[in-house]
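Participant: Pasting entry_1.csv below, which is CSV, C-alpha atoms.
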```
chain,number,residue,atom,x,y,z
P,1,MET,CA,-25.3,-16.0,-16.4
P,2,ALA,CA,-25.3,-18.1,-13.3
P,3,LEU,CA,-22.2,-16.6,-11.7
P,4,ASN,CA,-21.6,-17.9,-8.2
P,5,TRP,CA,-20.4,-14.8,-6.4
P,6,PHE,CA,-19.8,-16.7,-3.2
P,7,LYS,CA,-17.6,-19.3,-4.8
P,8,TYR,CA,-14.4,-17.4,-3.9
P,9,SER,CA,-15.6,-16.1,-0.6
P,10,SER,CA,-14.2,-19.1,1.3
P,11,PRO,CA,-10.5,-19.2,2.1
P,12,GLN,CA,-10.1,-22.6,0.5
P,13,THR,CA,-11.2,-21.5,-3.0
P,14,PHE,CA,-9.7,-18.0,-2.7
P,15,TYR,CA,-6.2,-19.3,-1.8
P,16,PRO,CA,-5.4,-20.8,-5.3
P,17,LEU,CA,-7.2,-17.9,-7.1
P,18,ALA,CA,-5.0,-15.4,-5.2
P,19,GLY,CA,-2.0,-17.4,-6.1
P,20,ARG,CA,-2.8,-17.1,-9.8
P,21,LEU,CA,-3.6,-13.3,-9.5
P,22,ILE,CA,-0.4,-12.3,-7.8
P,23,PRO,CA,1.9,-12.7,-10.9
P,24,VAL,CA,-0.6,-10.7,-13.0
P,25,PHE,CA,-0.6,-7.7,-10.6
P,26,ALA,CA,3.1,-8.0,-10.0
P,27,VAL,CA,3.9,-7.8,-13.7
P,28,LEU,CA,1.4,-4.9,-14.2
P,29,ALA,CA,3.1,-3.1,-11.3
P,30,ALA,CA,6.6,-3.7,-12.7
P,31,VAL,CA,5.7,-2.6,-16.3
P,32,LEU,CA,3.7,0.5,-15.2
P,33,GLY,CA,6.4,1.4,-12.7
P,34,ALA,CA,9.1,1.2,-15.4
P,35,VAL,CA,7.0,3.3,-17.8
P,36,GLY,CA,6.0,5.8,-15.1
P,37,LEU,CA,9.7,6.2,-14.0
P,38,TYR,CA,10.7,6.7,-17.6
P,39,ILE,CA,8.1,9.4,-18.1
P,40,GLY,CA,8.9,11.0,-14.7
P,41,PHE,CA,12.7,11.3,-15.3
P,42,PHE,CA,13.1,11.5,-19.0
P,43,VAL,CA,9.9,12.9,-20.6
P,44,ALA,CA,8.5,15.3,-18.0
P,45,PRO,CA,10.3,18.6,-18.1
P,46,THR,CA,12.1,20.5,-15.3
P,47,ASP,CA,9.6,22.5,-13.2
P,48,PHE,CA,10.0,26.2,-13.7
P,49,GLN,CA,9.6,26.9,-10.0
P,50,GLN,CA,10.9,23.8,-8.2
P,51,GLY,CA,13.6,22.7,-10.5
P,52,GLU,CA,14.2,18.9,-10.3
P,53,ALA,CA,13.0,18.6,-6.7
P,54,TYR,CA,9.4,18.3,-7.9
P,55,ARG,CA,10.2,14.9,-9.3
P,56,ILE,CA,9.5,13.5,-5.9
P,57,ILE,CA,5.8,14.0,-6.8
P,58,PHE,CA,5.9,10.8,-8.9
P,59,ILE,CA,6.2,8.7,-5.8
P,60,HIS,CA,4.9,11.1,-3.1
P,61,VAL,CA,1.4,11.5,-4.5
P,62,PRO,CA,0.9,7.8,-5.4
P,63,ALA,CA,2.0,6.7,-1.9
P,64,ALA,CA,-0.3,9.3,-0.3
P,65,TRP,CA,-3.3,8.3,-2.5
P,66,MET,CA,-2.7,4.6,-1.7
P,67,SER,CA,-2.4,5.3,2.0
P,68,MET,CA,-5.9,6.8,2.1
P,69,PHE,CA,-7.5,4.4,-0.4
P,70,ILE,CA,-6.1,1.3,1.3
P,71,TYR,CA,-7.5,2.5,4.6
P,72,LEU,CA,-11.0,2.8,3.1
P,73,VAL,CA,-10.8,-0.6,1.5
P,74,MET,CA,-9.5,-2.0,4.7
P,75,ALA,CA,-12.3,-0.5,6.7
P,76,GLY,CA,-14.8,-1.8,4.1
P,77,TRP,CA,-13.5,-5.3,4.4
P,78,ALA,CA,-13.5,-5.1,8.1
P,79,ALA,CA,-17.1,-3.9,8.1
P,80,PHE,CA,-18.1,-6.8,5.8
P,81,GLY,CA,-16.4,-9.2,8.2
P,82,LEU,CA,-18.2,-7.6,11.2
P,83,ILE,CA,-21.6,-7.6,9.6
P,84,LEU,CA,-21.6,-10.8,7.5
P,85,ASN,CA,-19.2,-12.7,9.8
P,86,THR,CA,-17.2,-13.8,6.7
P,87,ARG,CA,-13.7,-15.0,7.6
P,88,LEU,CA,-12.1,-14.0,4.4
P,89,SER,CA,-13.3,-10.4,4.6
P,90,SER,CA,-11.6,-9.9,7.9
P,91,MET,CA,-8.4,-11.6,6.6
P,92,MET,CA,-8.3,-9.1,3.8
P,93,ALA,CA,-8.6,-6.2,6.2
P,94,THR,CA,-5.7,-7.7,8.2
P,95,ALA,CA,-3.7,-8.2,5.1
P,96,LEU,CA,-4.1,-4.6,3.9
P,97,ALA,CA,-3.0,-2.9,7.1
P,98,PRO,CA,0.8,-3.3,6.8
P,99,THR,CA,0.9,-2.3,3.2
P,100,GLY,CA,-1.3,0.7,4.0
P,101,ALA,CA,1.1,1.6,6.9
P,102,LEU,CA,4.0,1.4,4.5
P,103,MET,CA,2.4,3.7,2.0
P,104,THR,CA,1.6,6.2,4.8
P,105,PHE,CA,5.2,6.1,6.0
P,106,LEU,CA,6.5,6.6,2.4
P,107,ALA,CA,4.1,9.5,1.9
P,108,LEU,CA,5.4,11.2,5.0
P,109,TRP,CA,9.0,10.3,4.3
P,110,THR,CA,9.0,11.6,0.7
P,111,GLY,CA,6.9,14.6,1.8
P,112,SER,CA,9.5,15.5,4.4
P,113,LEU,CA,12.3,15.3,1.8
P,114,TRP,CA,10.3,17.5,-0.5
P,115,GLY,CA,9.3,19.9,2.2
P,116,LYS,CA,12.9,20.6,3.3
P,117,PRO,CA,14.1,22.2,0.0
P,118,MET,CA,10.7,23.8,-0.9
P,119,TRP,CA,9.4,25.0,2.5
P,120,GLY,CA,12.6,25.0,4.5
P,121,THR,CA,11.4,22.5,7.0
P,122,TRP,CA,11.3,18.7,7.3
P,123,TRP,CA,8.1,18.8,9.2
P,124,ALA,CA,5.4,21.2,10.3
P,125,TRP,CA,2.2,20.6,12.3
P,126,ASP,CA,0.2,21.4,9.2
P,127,ALA,CA,-3.3,20.0,8.9
P,128,ARG,CA,-2.5,17.7,5.9
P,129,MET,CA,0.7,16.4,7.5
P,130,THR,CA,-0.8,15.9,11.0
P,131,SER,CA,-3.8,14.1,9.7
P,132,GLU,CA,-1.6,11.8,7.6
P,133,LEU,CA,0.5,11.1,10.7
P,134,ILE,CA,-2.7,10.2,12.6
P,135,LEU,CA,-3.4,7.8,9.7
P,136,LEU,CA,-0.1,6.1,10.3
P,137,PHE,CA,-1.0,5.7,14.0
P,138,LEU,CA,-4.4,4.3,13.1
P,139,TYR,CA,-2.7,1.6,10.9
P,140,ILE,CA,-0.2,0.8,13.7
P,141,GLY,CA,-3.0,0.8,16.3
P,142,PHE,CA,-5.1,-1.6,14.1
P,143,MET,CA,-2.1,-4.0,13.8
P,144,ALA,CA,-1.1,-3.8,17.4
P,145,LEU,CA,-4.7,-4.3,18.6
P,146,GLN,CA,-5.1,-7.4,16.4
P,147,ALA,CA,-1.8,-8.8,17.5
P,148,SER,CA,-2.6,-8.4,21.1
P,149,ILE,CA,-5.8,-10.6,20.9
P,150,ASP,CA,-5.1,-14.3,20.8
P,151,ASP,CA,-8.5,-15.4,19.3
P,152,PRO,CA,-8.4,-14.4,15.6
P,153,ARG,CA,-12.2,-13.9,15.4
P,154,ARG,CA,-12.2,-11.6,18.4
P,155,ALA,CA,-9.2,-9.8,17.0
P,156,ASP,CA,-11.1,-9.3,13.7
P,157,LYS,CA,-14.0,-7.7,15.5
P,158,ALA,CA,-12.0,-5.4,17.7
P,159,GLY,CA,-9.9,-4.4,14.7
P,160,ALA,CA,-13.0,-3.7,12.6
P,161,ILE,CA,-14.4,-1.3,15.2
P,162,LEU,CA,-11.1,0.6,15.3
P,163,ALA,CA,-10.8,0.7,11.5
P,164,LEU,CA,-14.4,2.0,11.1
P,165,VAL,CA,-14.1,4.7,13.8
P,166,GLY,CA,-10.7,5.7,12.3
P,167,ALA,CA,-12.2,6.0,8.8
P,168,VAL,CA,-13.5,9.5,9.7
P,169,ASN,CA,-9.9,10.6,9.4
P,170,VAL,CA,-9.6,9.9,5.7
P,171,PRO,CA,-12.0,12.7,4.5
P,172,ILE,CA,-10.2,15.0,7.0
P,173,ILE,CA,-6.9,14.2,5.2
P,174,TYR,CA,-8.4,14.6,1.8
P,175,PHE,CA,-10.1,17.9,2.4
P,176,SER,CA,-7.6,19.3,4.9
P,177,VAL,CA,-5.9,21.5,2.3
P,178,LYS,CA,-9.3,23.1,1.6
P,179,TRP,CA,-10.6,23.4,5.2
P,180,TRP,CA,-7.4,24.8,6.7
P,181,ASN,CA,-5.2,27.2,4.9
P,182,THR,CA,-1.8,25.9,6.2
P,183,LEU,CA,1.5,24.9,4.6
P,184,HIS,CA,0.6,22.0,2.4
P,185,GLN,CA,-0.4,23.0,-1.1
P,186,GLY,CA,-3.9,22.3,-2.5
P,187,SER,CA,-4.5,19.4,-4.8
P,188,SER,CA,-3.0,19.7,-8.3
P,189,ILE,CA,-5.8,17.6,-9.7
P,190,SER,CA,-9.4,17.2,-8.6
P,191,PHE,CA,-12.7,16.3,-10.1
P,192,GLY,CA,-14.5,18.8,-12.3
P,193,ARG,CA,-11.4,21.0,-12.8
P,194,SER,CA,-8.6,20.7,-15.3
P,195,PRO,CA,-5.3,19.8,-13.7
P,196,SER,CA,-2.9,22.6,-12.8
P,197,MET,CA,0.2,20.9,-14.1
P,198,ALA,CA,2.0,20.0,-17.3
P,199,SER,CA,0.4,17.1,-19.1
P,200,THR,CA,3.5,14.9,-19.1
P,201,MET,CA,4.0,15.5,-15.4
P,202,LEU,CA,0.4,14.5,-14.8
P,203,LEU,CA,0.7,11.4,-17.0
P,204,GLY,CA,3.8,10.3,-15.2
P,205,MET,CA,2.1,10.7,-11.9
P,206,LEU,CA,-1.0,8.8,-13.0
P,207,VAL,CA,1.0,5.9,-14.4
P,208,MET,CA,3.0,5.7,-11.2
P,209,ALA,CA,-0.3,5.8,-9.2
P,210,LEU,CA,-1.5,2.8,-11.2
P,211,ALA,CA,1.8,1.0,-10.6
P,212,TYR,CA,1.5,1.6,-6.9
P,213,TRP,CA,-2.1,0.4,-7.0
P,214,MET,CA,-1.2,-2.8,-8.7
P,215,TYR,CA,1.7,-3.3,-6.3
P,216,CYS,CA,-0.5,-2.9,-3.3
P,217,ILE,CA,-3.0,-5.4,-4.6
P,218,ALA,CA,-0.2,-8.0,-5.2
P,219,ALA,CA,1.3,-7.4,-1.8
P,220,ALA,CA,-2.1,-7.7,0.0
P,221,LEU,CA,-2.8,-10.9,-1.9
P,222,MET,CA,0.6,-12.3,-0.9
P,223,ARG,CA,-0.1,-11.5,2.7
P,224,VAL,CA,-3.6,-12.8,2.7
P,225,ARG,CA,-2.4,-16.2,1.4
P,226,SER,CA,0.0,-16.4,4.4
P,227,ILE,CA,-2.8,-15.4,6.8
P,228,ILE,CA,-5.1,-18.1,5.3
P,229,LEU,CA,-2.4,-20.7,5.8
P,230,GLU,CA,-1.8,-19.5,9.4
P,231,ARG,CA,-5.4,-19.6,10.4
P,232,GLU,CA,-6.4,-22.7,8.5
P,233,ARG,CA,-3.3,-24.8,9.0
P,234,ASN,CA,-5.3,-27.5,10.7
P,235,ALA,CA,-7.9,-27.8,8.0
P,236,GLN,CA,-7.7,-30.8,5.8
P,237,TRP,CA,-7.5,-28.8,2.6
P,238,VAL,CA,-4.3,-27.1,3.8
P,239,ARG,CA,-2.7,-30.4,4.6
P,240,ASP,CA,-3.7,-31.7,1.2
P,241,LEU,CA,-1.6,-28.9,-0.3
P,242,LYS,CA,1.4,-31.3,0.3
P,243,GLY,CA,4.0,-28.7,1.4
P,244,ALA,CA,4.2,-27.0,-1.9
P,245,PRO,CA,0.9,-25.3,-2.3
P,246,ALA,CA,0.1,-23.8,-5.7
D,1,MET,CA,15.7,14.2,-22.9
D,2,ASN,CA,16.4,16.2,-19.8
D,3,TRP,CA,19.9,15.2,-19.0
D,4,GLY,CA,23.1,15.9,-20.8
D,5,SER,CA,25.2,13.5,-18.8
D,6,LEU,CA,25.0,10.9,-16.1
D,7,ASP,CA,26.4,13.4,-13.6
D,8,ALA,CA,23.6,15.8,-14.5
D,9,PHE,CA,21.0,13.0,-13.9
D,10,LEU,CA,22.5,12.0,-10.6
D,11,GLY,CA,22.9,15.6,-9.5
D,12,MET,CA,19.2,16.4,-10.0
D,13,GLY,CA,19.9,20.1,-10.3
D,14,GLY,CA,21.2,20.3,-6.8
D,15,TYR,CA,18.4,18.3,-5.2
D,16,ALA,CA,20.1,14.9,-5.3
D,17,VAL,CA,19.8,14.3,-1.6
D,18,TYR,CA,16.0,14.9,-1.6
D,19,VAL,CA,15.1,13.3,-4.8
D,20,TRP,CA,17.3,10.2,-4.4
D,21,GLY,CA,16.6,10.0,-0.7
D,22,SER,CA,12.9,9.7,-1.6
D,23,TYR,CA,13.3,7.2,-4.4
D,24,VAL,CA,15.9,5.0,-2.7
D,25,ALA,CA,13.9,4.8,0.5
D,26,SER,CA,10.7,3.9,-1.4
D,27,ALA,CA,12.6,1.2,-3.4
D,28,VAL,CA,14.2,-0.3,-0.3
D,29,ALA,CA,10.9,-0.3,1.6
D,30,ILE,CA,9.0,-2.0,-1.2
D,31,ALA,CA,11.8,-4.5,-1.8
D,32,ALA,CA,11.9,-5.3,1.9
D,33,GLU,CA,8.1,-5.9,2.0
D,34,VAL,CA,8.3,-8.3,-0.9
D,35,ILE,CA,11.2,-10.2,0.6
D,36,LEU,CA,9.4,-10.5,4.0
D,37,LEU,CA,6.2,-11.6,2.4
D,38,ARG,CA,7.9,-14.3,0.4
D,39,ARG,CA,9.9,-15.5,3.4
D,40,ARG,CA,6.7,-15.7,5.5
D,41,HIS,CA,4.9,-17.7,2.9
D,42,ARG,CA,7.9,-20.1,2.4
D,43,THR,CA,8.3,-20.7,6.1
D,44,LEU,CA,4.6,-21.5,6.4
D,45,GLN,CA,4.7,-23.9,3.5
D,46,ALA,CA,7.7,-25.7,5.0
D,47,GLN,CA,6.0,-26.0,8.4
D,48,ILE,CA,2.8,-27.3,6.9
D,49,GLY,CA,4.8,-29.7,4.6
D,50,ARG,CA,6.5,-31.1,7.7
D,51,SER,CA,3.4,-31.4,9.7
D,52,SER,CA,1.4,-33.1,7.0
D,53,ARG,CA,4.0,-35.8,6.9
D,54,ASN,CA,4.0,-36.0,10.7
D,55,PRO,CA,0.6,-34.8,12.0
D,56,GLU,CA,1.7,-35.1,15.6
D,57,SER,CA,4.0,-32.1,15.3
D,58,LEU,CA,1.1,-29.8,14.4
D,59,THR,CA,-0.6,-28.0,17.3
```
So that I can check it, write out the structure of this file as structure tokens.

Facilitator:
Amino acid sequence: MALNWFKYSSPQTFYPLAGRLIPVFAVLAAVLGAVGLYIGFFVAPTDFQQGEAYRIIFIHVPAAWMSMFIYLVMAGWAAFGLILNTRLSSMMATALAPTGALMTFLALWTGSLWGKPMWGTWWAWDARMTSELILLFLYIGFMALQASIDDPRRADKAGAILALVGAVNVPIIYFSVKWWNTLHQGSSISFGRSPSMASTMLLGMLVMALAYWMYCIAAALMRVRSIILERERNAQWVRDLKGAPA
Amino acid sequence: MNWGSLDAFLGMGGYAVYVWGSYVASAVAIAAEVILLRRRHRTLQAQIGRSSRNPESLT
């Protein structure tokens, strides 16, 4: 098995590969999303405490998970780019940030709409909510910092430092419901303990989480292709794409 | 099946504003991201297509 792991580490070879992968992840996201929504609305029963309001969980938890996961992946790519000086790694970090910010926003938005009927308030300075809001500011700060530096390579380095320093916030979000006993409930599922929710509810949530995951990969790949074109537009291989790149 | 009628489904047991407010906002946000990503890529392709025919226009 003489696999060349570095074959796809250059923008030139990754660009067409990403183009072929996008439809795969997009279709997976659509199919899983359809199945997940069907389970969420038609199979999972009404909650005995929260009535139908709990159905927000099927999009709230996946968005919240992705907001944290994308940040860690983004920081990981940024670190790779910083240490190994690989262009594509930094481009991946840059491509993930807007989708991560969107997921963070959706987690906060759906959480607010869930909190109002259940807790009686749209917002509280609870540990989980505050740290998630800080995550949104970290994403926005990362994007703003990169946008403010003209030289892309310097922008990559500055962004990487910010992303790595900010990564400390992710475990704070994750464990906030354990460390501080404030408004947000504890996690319904965790490692080493059976889930504290009905199995069809759990299934719907997990399928939706997979759908969101696939969507985020597709969106990040779409964005990284544009970033590659923007940064490499003077390279001969981009010109050879002939206006209708594959 | 949880819902006896379409009205019951849309009503969400009195939580329609919260449930649909969450779902519609998420759908709109995701659709907007996809549209913006496609537009960005198409614009770039068009620019690069023009400049490869006329290299002087590329800076």

Participant: Given all atoms listed in the file as the basis, pick out the residue of D:Ser51, D:Tyr18, D:Trp3, D:Leu10 nearest to Leu113 (chain P).

Facilitator: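 With all atoms listed in the file as the atom set, the closest residue is D:Tyr18.
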
Participant: Counting only C-alpha atoms, which of D:Ala31, D:Ile48, D:Val24, D:Ala8 gets nearest to chain P?

Facilitator: D:Ile48

Participant: Considering all atoms listed in the file, can you say which of P:Leu96, P:Leu203, P:Leu106, P:Ile22 comes closest to chain D?

Facilitator: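 Smallest distance to chain D is found for P:Leu106.
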
Participant: So what do you get for CA of Phe69 (chain P) versus CA of Ala163 (chain P), distance-wise?

Facilitator: 12.9 Å

Participant: Output as a ChimeraX atom specification the set of chain D residues within 7 Å of chain P, with distances taken over only C-alpha atoms.

Facilitator: /D:1-2,12-13,15,18-19,22,26,37,40-41,45-46,48-49,52

Participant: For a test of reading the model, state the distance in Å between CA of Ser89 (chain P) and CA of Leu32 (chain P), rounded to one decimal.

Facilitator: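 So the two atoms, CA of Ser89 (chain P) and CA of Leu32 (chain P), lie 28.3 Å apart.
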
Participant: Give me the residues within 9 Å of Ala158 (chain P) as a list in words, counting all atoms listed in the file and dropping any in the same chain fewer than 2 places off.

Facilitator: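 That gives Phe142, Leu145, Gln146, Ile149, Arg153, Arg154, Ala155, Asp156, Ala160, Ile161, Leu162 and Ala163 of chain P.
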
Participant: Between CA of Met68 (chain P) and CA of Val17 (chain D), what is the spacing in Å?

Facilitator: 27.0 Å

Participant: With distances taken over all atoms listed in the file, which of D:Ser5, D:Arg42, D:Gln47, D:Tyr23 is nearest to Gly40 (chain P)?

Facilitator: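 Selected residue with least distance to Gly40 (chain P): D:Tyr23.
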
Participant: Rank P:Lys7, P:Arg87, P:Arg128, P:Arg20 by their smallest atom-to-atom distance to Leu108 (chain P), using all atoms listed in the file, and report the top residue only.

Facilitator: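 Nearest to Leu108 (chain P): P:Arg128.
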
Participant: Identify the residues around (-11.3, 18.1, 0.5) within a radius of 12 Å, measuring from only C-alpha atoms in the coordinates stated by the file, and give them as a list in words.

Facilitator: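 In the file's frame, the residues around the point are Ala127, Arg128, Asn169, Val170, Pro171, Ile172, Ile173, Tyr174, Phe175, Ser176, Val177, Lys178, Trp179, Trp180, Asn181, Gly186, Ser187, Ile189, Ser190 and Phe191 of chain P.
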
Participant: So, counting all atoms listed in the file, which residue among P:Gly204, P:Tyr212, P:Val31, P:Ala198 is closest to Ala27 (chain D)?

Facilitator: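 Closest residue, counting all atoms listed in the file: P:Tyr212.
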